[in-house]
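Colleague: Right, I'll just put the structure down here and ask away after.
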Amino acid sequence: ENPPSIIMVTAAGRLFDSEPQARQHYIDGLITKPLNPSVLLDAMMNALSGQDPLSFVKRSTAPHTDGSELAPIRGASILLVEDNKINQEVALEFLASGNFQVAVAENGLEAIEYLSNQSFDCVLMDIHMPKMDGLEATRTIRKMPQHEQLPILAMTANMMPDDIAAATNAGMNAHISKPINATAFYQTLLQWIPHRSNNPTPNP
């Protein structure tokens, strides 16, 4: 009467979208190997919240936009901190619309190393990562005088009130939920990334 959620674990995840709809109907989540804690957590959150099990495939298609709405922040430098390769690909495809200069760090330690040597206009920070998670990394970044005002945006499937409070207390400015919604994603970037001086539109 109340069956448990079923998550498929496979090395052939990208082929699953060709499966008949009747089979897809029985699967609540999909994890591609190799498995890591961040991927497992994302899949469990999606399955328990009723997300589409093929969302990672569907959202991996770049949004249909010419990027004109991103003109005020076009070319901004962004540090993407994400350990999940699929999520990296998805984020990079969304960011391609704004011609952003993007560097990728796979955990908090790598993010801190990047920020110790160069400046960015914004950081997109996953929460659950190996070696150093996003919360600890954000707290460390906020102790660096040159990055006290740096926009740090959480990118996470953890959107419960306690999760948001923990991220805010660590020093994050806003949240972008996974799977990514193009409109919300771009609006958040426009709100927090400083607008170019040659564009008359002020940064909110």
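In the structure tokens, each chain is lettered A, B, ... as it comes, each chain's residues begin at 1, and ligands are numbered from 1 in order of appearance.
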Could you please write out, as a list in words, every residue of segment 54-178 of chain A that DSSP assigns to strand (DSSP E or B)?

Modeller: Ser77, Ile78, Leu79, Leu80, Val81, Gln101, Val102, Ala103, Val104, Ala105, Cys122, Val123, Leu124, Met125, Ile152, Leu153, Ala154, Met155, Thr156, Ala174, His175, Ile176 and Ser177 of chain A

Colleague: Export, as a PDB file, in the first residue's frame, the selected residues with N, CA and C atoms.

Modeller:
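Dumped to selection.pdb:
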```
ATOM      1  N   SER A  77      33.327  36.477 -13.472  1.00  0.00           N
ATOM      2  CA  SER A  77      34.107  35.303 -13.069  1.00  0.00           C
ATOM      3  C   SER A  77      33.393  34.575 -11.940  1.00  0.00           C
ATOM      4  N   ILE A  78      33.214  33.280 -12.106  1.00  0.00           N
ATOM      5  CA  ILE A  78      32.467  32.474 -11.146  1.00  0.00           C
ATOM      6  C   ILE A  78      33.283  31.260 -10.755  1.00  0.00           C
ATOM      7  N   LEU A  79      33.303  30.964  -9.461  1.00  0.00           N
ATOM      8  CA  LEU A  79      33.923  29.737  -8.954  1.00  0.00           C
ATOM      9  C   LEU A  79      32.811  28.752  -8.646  1.00  0.00           C
ATOM     10  N   LEU A  80      32.775  27.642  -9.366  1.00  0.00           N
ATOM     11  CA  LEU A  80      31.793  26.586  -9.147  1.00  0.00           C
ATOM     12  C   LEU A  80      32.423  25.523  -8.263  1.00  0.00           C
ATOM     13  N   VAL A  81      31.831  25.296  -7.093  1.00  0.00           N
ATOM     14  CA  VAL A  81      32.365  24.316  -6.140  1.00  0.00           C
ATOM     15  C   VAL A  81      31.371  23.163  -6.067  1.00  0.00           C
ATOM     16  N   GLN A 101      33.284  33.419 -17.022  1.00  0.00           N
ATOM     17  CA  GLN A 101      34.596  32.801 -16.853  1.00  0.00           C
ATOM     18  C   GLN A 101      34.501  31.906 -15.627  1.00  0.00           C
ATOM     19  N   VAL A 102      34.499  30.593 -15.818  1.00  0.00           N
ATOM     20  CA  VAL A 102      34.204  29.663 -14.730  1.00  0.00           C
ATOM     21  C   VAL A 102      35.400  28.783 -14.394  1.00  0.00           C
ATOM     22  N   ALA A 103      35.712  28.709 -13.105  1.00  0.00           N
ATOM     23  CA  ALA A 103      36.682  27.751 -12.593  1.00  0.00           C
ATOM     24  C   ALA A 103      35.922  26.746 -11.740  1.00  0.00           C
ATOM     25  N   VAL A 104      36.367  25.498 -11.740  1.00  0.00           N
ATOM     26  CA  VAL A 104      35.666  24.436 -11.018  1.00  0.00           C
ATOM     27  C   VAL A 104      36.555  23.872  -9.913  1.00  0.00           C
ATOM     28  N   ALA A 105      36.004  23.840  -8.699  1.00  0.00           N
ATOM     29  CA  ALA A 105      36.656  23.198  -7.561  1.00  0.00           C
ATOM     30  C   ALA A 105      35.779  22.040  -7.117  1.00  0.00           C
ATOM     31  N   CYS A 122      31.655  35.765  -7.926  1.00  0.00           N
ATOM     32  CA  CYS A 122      30.629  34.978  -7.254  1.00  0.00           C
ATOM     33  C   CYS A 122      31.135  33.554  -7.058  1.00  0.00           C
ATOM     34  N   VAL A 123      30.625  32.895  -6.010  1.00  0.00           N
ATOM     35  CA  VAL A 123      30.912  31.483  -5.768  1.00  0.00           C
ATOM     36  C   VAL A 123      29.596  30.722  -5.722  1.00  0.00           C
ATOM     37  N   LEU A 124      29.512  29.634  -6.489  1.00  0.00           N
ATOM     38  CA  LEU A 124      28.377  28.716  -6.416  1.00  0.00           C
ATOM     39  C   LEU A 124      28.846  27.514  -5.612  1.00  0.00           C
ATOM     40  N   MET A 125      28.273  27.304  -4.439  1.00  0.00           N
ATOM     41  CA  MET A 125      28.813  26.360  -3.459  1.00  0.00           C
ATOM     42  C   MET A 125      27.850  25.214  -3.171  1.00  0.00           C
ATOM     43  N   ILE A 152      28.365  34.342  -2.040  1.00  0.00           N
ATOM     44  CA  ILE A 152      28.469  32.884  -2.000  1.00  0.00           C
ATOM     45  C   ILE A 152      27.052  32.334  -2.024  1.00  0.00           C
ATOM     46  N   LEU A 153      26.716  31.612  -3.095  1.00  0.00           N
ATOM     47  CA  LEU A 153      25.367  31.112  -3.292  1.00  0.00           C
ATOM     48  C   LEU A 153      25.356  29.597  -3.153  1.00  0.00           C
ATOM     49  N   ALA A 154      24.542  29.095  -2.261  1.00  0.00           N
ATOM     50  CA  ALA A 154      24.430  27.653  -2.062  1.00  0.00           C
ATOM     51  C   ALA A 154      23.698  27.029  -3.234  1.00  0.00           C
ATOM     52  N   MET A 155      24.227  25.924  -3.751  1.00  0.00           N
ATOM     53  CA  MET A 155      23.532  25.124  -4.756  1.00  0.00           C
ATOM     54  C   MET A 155      23.321  23.745  -4.155  1.00  0.00           C
ATOM     55  N   THR A 156      22.073  23.459  -3.751  1.00  0.00           N
ATOM     56  CA  THR A 156      21.834  22.253  -2.979  1.00  0.00           C
ATOM     57  C   THR A 156      20.402  21.769  -3.104  1.00  0.00           C
ATOM     58  N   ALA A 174      22.572  33.370  -0.461  1.00  0.00           N
ATOM     59  CA  ALA A 174      21.297  32.939  -1.035  1.00  0.00           C
ATOM     60  C   ALA A 174      21.400  31.476  -1.414  1.00  0.00           C
ATOM     61  N   HIS A 175      20.265  30.921  -1.893  1.00  0.00           N
ATOM     62  CA  HIS A 175      20.199  29.503  -2.212  1.00  0.00           C
ATOM     63  C   HIS A 175      19.647  29.286  -3.617  1.00  0.00           C
ATOM     64  N   ILE A 176      20.241  28.345  -4.327  1.00  0.00           N
ATOM     65  CA  ILE A 176      19.744  27.892  -5.625  1.00  0.00           C
ATOM     66  C   ILE A 176      19.448  26.409  -5.476  1.00  0.00           C
ATOM     67  N   SER A 177      18.202  26.021  -5.694  1.00  0.00           N
ATOM     68  CA  SER A 177      17.813  24.641  -5.447  1.00  0.00           C
ATOM     69  C   SER A 177      18.173  23.738  -6.620  1.00  0.00           C
TER      70      SER A 177
END
```

Colleague: Using only C-alpha atoms, which of the listed residues (A:Arg74, A:Lys131, A:Arg139, A:His147) sits closest to Asn117 of chain A?

Modeller: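 Residue with the minimum atom-to-atom distance to Asn117 of chain A: A:His147.
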
Colleague: Which residues are near Ser49 of chain A? Cut-off 12 Å, only C-alpha atoms, ignore same chain within fewer than 6 positions. Put them as number ranges by chain.

Modeller: A: 5, 28-29, 42-43, 157-160, 178-179

Colleague: Identify, on the basis of only C-alpha atoms, every residue whose closest approach to Val39 of chain A does not exceed 12 Å; exclude the query and any residue fewer than 2 positions from it along the same chain; express the result as a count of residues only.

Modeller: 33

Colleague: Quick one: residues within 10 Å of Arg142 of chain A, only C-alpha atoms counted, chain neighbours fewer than 5 positions away excluded, as a list in words?

Modeller: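 Using only C-alpha atoms, the neighbours found are Ala137, His147, Glu148, Gln149, Leu150, Ile152, Ala170, Gly171 and Met172 of chain A.
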
Colleague: Restricting the output to N, CA, C and O atoms, write the selected residues as a PDB file, in the first residue's frame.

Modeller:
```
ATOM      1  N   ALA A 137      33.725  25.443   4.340  1.00  0.00           N
ATOM      2  CA  ALA A 137      34.458  26.257   3.375  1.00  0.00           C
ATOM      3  C   ALA A 137      33.992  27.704   3.418  1.00  0.00           C
ATOM      4  O   ALA A 137      34.806  28.634   3.394  1.00  0.00           O
ATOM      5  N   HIS A 147      37.544  38.628   1.016  1.00  0.00           N
ATOM      6  CA  HIS A 147      36.333  37.964   0.531  1.00  0.00           C
ATOM      7  C   HIS A 147      35.152  38.103   1.492  1.00  0.00           C
ATOM      8  O   HIS A 147      34.196  37.333   1.401  1.00  0.00           O
ATOM      9  N   GLU A 148      35.203  39.089   2.361  1.00  0.00           N
ATOM     10  CA  GLU A 148      34.106  39.276   3.318  1.00  0.00           C
ATOM     11  C   GLU A 148      32.784  39.569   2.616  1.00  0.00           C
ATOM     12  O   GLU A 148      31.717  39.183   3.090  1.00  0.00           O
ATOM     13  N   GLN A 149      32.837  40.268   1.481  1.00  0.00           N
ATOM     14  CA  GLN A 149      31.625  40.658   0.763  1.00  0.00           C
ATOM     15  C   GLN A 149      31.396  39.819  -0.494  1.00  0.00           C
ATOM     16  O   GLN A 149      30.474  40.118  -1.263  1.00  0.00           O
ATOM     17  N   LEU A 150      32.184  38.797  -0.713  1.00  0.00           N
ATOM     18  CA  LEU A 150      32.046  37.965  -1.899  1.00  0.00           C
ATOM     19  C   LEU A 150      30.707  37.220  -1.881  1.00  0.00           C
ATOM     20  O   LEU A 150      30.395  36.532  -0.904  1.00  0.00           O
ATOM     21  N   ILE A 152      28.365  34.342  -2.040  1.00  0.00           N
ATOM     22  CA  ILE A 152      28.469  32.884  -2.000  1.00  0.00           C
ATOM     23  C   ILE A 152      27.052  32.334  -2.024  1.00  0.00           C
ATOM     24  O   ILE A 152      26.266  32.566  -1.105  1.00  0.00           O
ATOM     25  N   ALA A 170      26.449  30.213   8.203  1.00  0.00           N
ATOM     26  CA  ALA A 170      27.835  29.999   7.776  1.00  0.00           C
ATOM     27  C   ALA A 170      28.359  31.162   6.952  1.00  0.00           C
ATOM     28  O   ALA A 170      29.571  31.316   6.800  1.00  0.00           O
ATOM     29  N   GLY A 171      27.432  31.987   6.418  1.00  0.00           N
ATOM     30  CA  GLY A 171      27.857  33.151   5.658  1.00  0.00           C
ATOM     31  C   GLY A 171      27.426  33.152   4.206  1.00  0.00           C
ATOM     32  O   GLY A 171      27.862  34.015   3.430  1.00  0.00           O
ATOM     33  N   MET A 172      26.560  32.214   3.809  1.00  0.00           N
ATOM     34  CA  MET A 172      26.080  32.197   2.432  1.00  0.00           C
ATOM     35  C   MET A 172      25.003  33.258   2.242  1.00  0.00           C
ATOM     36  O   MET A 172      24.243  33.560   3.162  1.00  0.00           O
TER      37      MET A 172
END
```

Colleague: Please indicate the distance in Å from atom CA of Ile27 of chain A to atom CA of Phe94 of chain A, rounded to one decimal place.

Modeller: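 So the two atoms, atom CA of Ile27 of chain A and atom CA of Phe94 of chain A, lie 26.7 Å apart.
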
Colleague: Could you pull out the alpha helix (DSSP H) residues of segment 73-180 of chain A, going by DSSP on the backbone, and write them as a PyMOL selection string?

Modeller: chain A and resi 85-95+108-117+134-142+161-170

Colleague: To one decimal place, how far is atom CA of Thr183 of chain A from atom CA of Asp162 of chain A in Å?

Modeller: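 A separation of 24.7 Å between them.
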
Colleague: Quick check, in Å to one decimal: how far apart do atom CA of His195 of chain A and atom CA of Ser68 of chain A lie?

Modeller: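 Interatomic distance, atom CA of His195 of chain A to atom CA of Ser68 of chain A: 13.8 Å.
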
Colleague: Go through A:Pro72, A:Glu113, A:Tyr186, A:Leu48 one by one, measure the shortest atom-to-atom distance of each to Ile6 of chain A using only C-alpha atoms, and give the residue with the smallest value.

Modeller: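 Between A:Pro72, A:Glu113, A:Tyr186, A:Leu48, the residue approaching Ile6 of chain A most closely is A:Leu48.
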
Colleague: Taking only C-alpha atoms into account, which of A:Leu135, A:Gly75, A:Ile112, A:Leu70 comes nearest Ala165 of chain A?

Modeller: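 Looking at the shortest contact to Ala165 of chain A, the residue is A:Leu135.
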
Colleague: Using only C-alpha atoms, which of the listed residues (A:Ala71, A:Ile193, A:Pro3, A:Gln118) sits closest to Gly98 of chain A?

Modeller: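 Checking each candidate against Gly98 of chain A, we get A:Ala71 as the closest.
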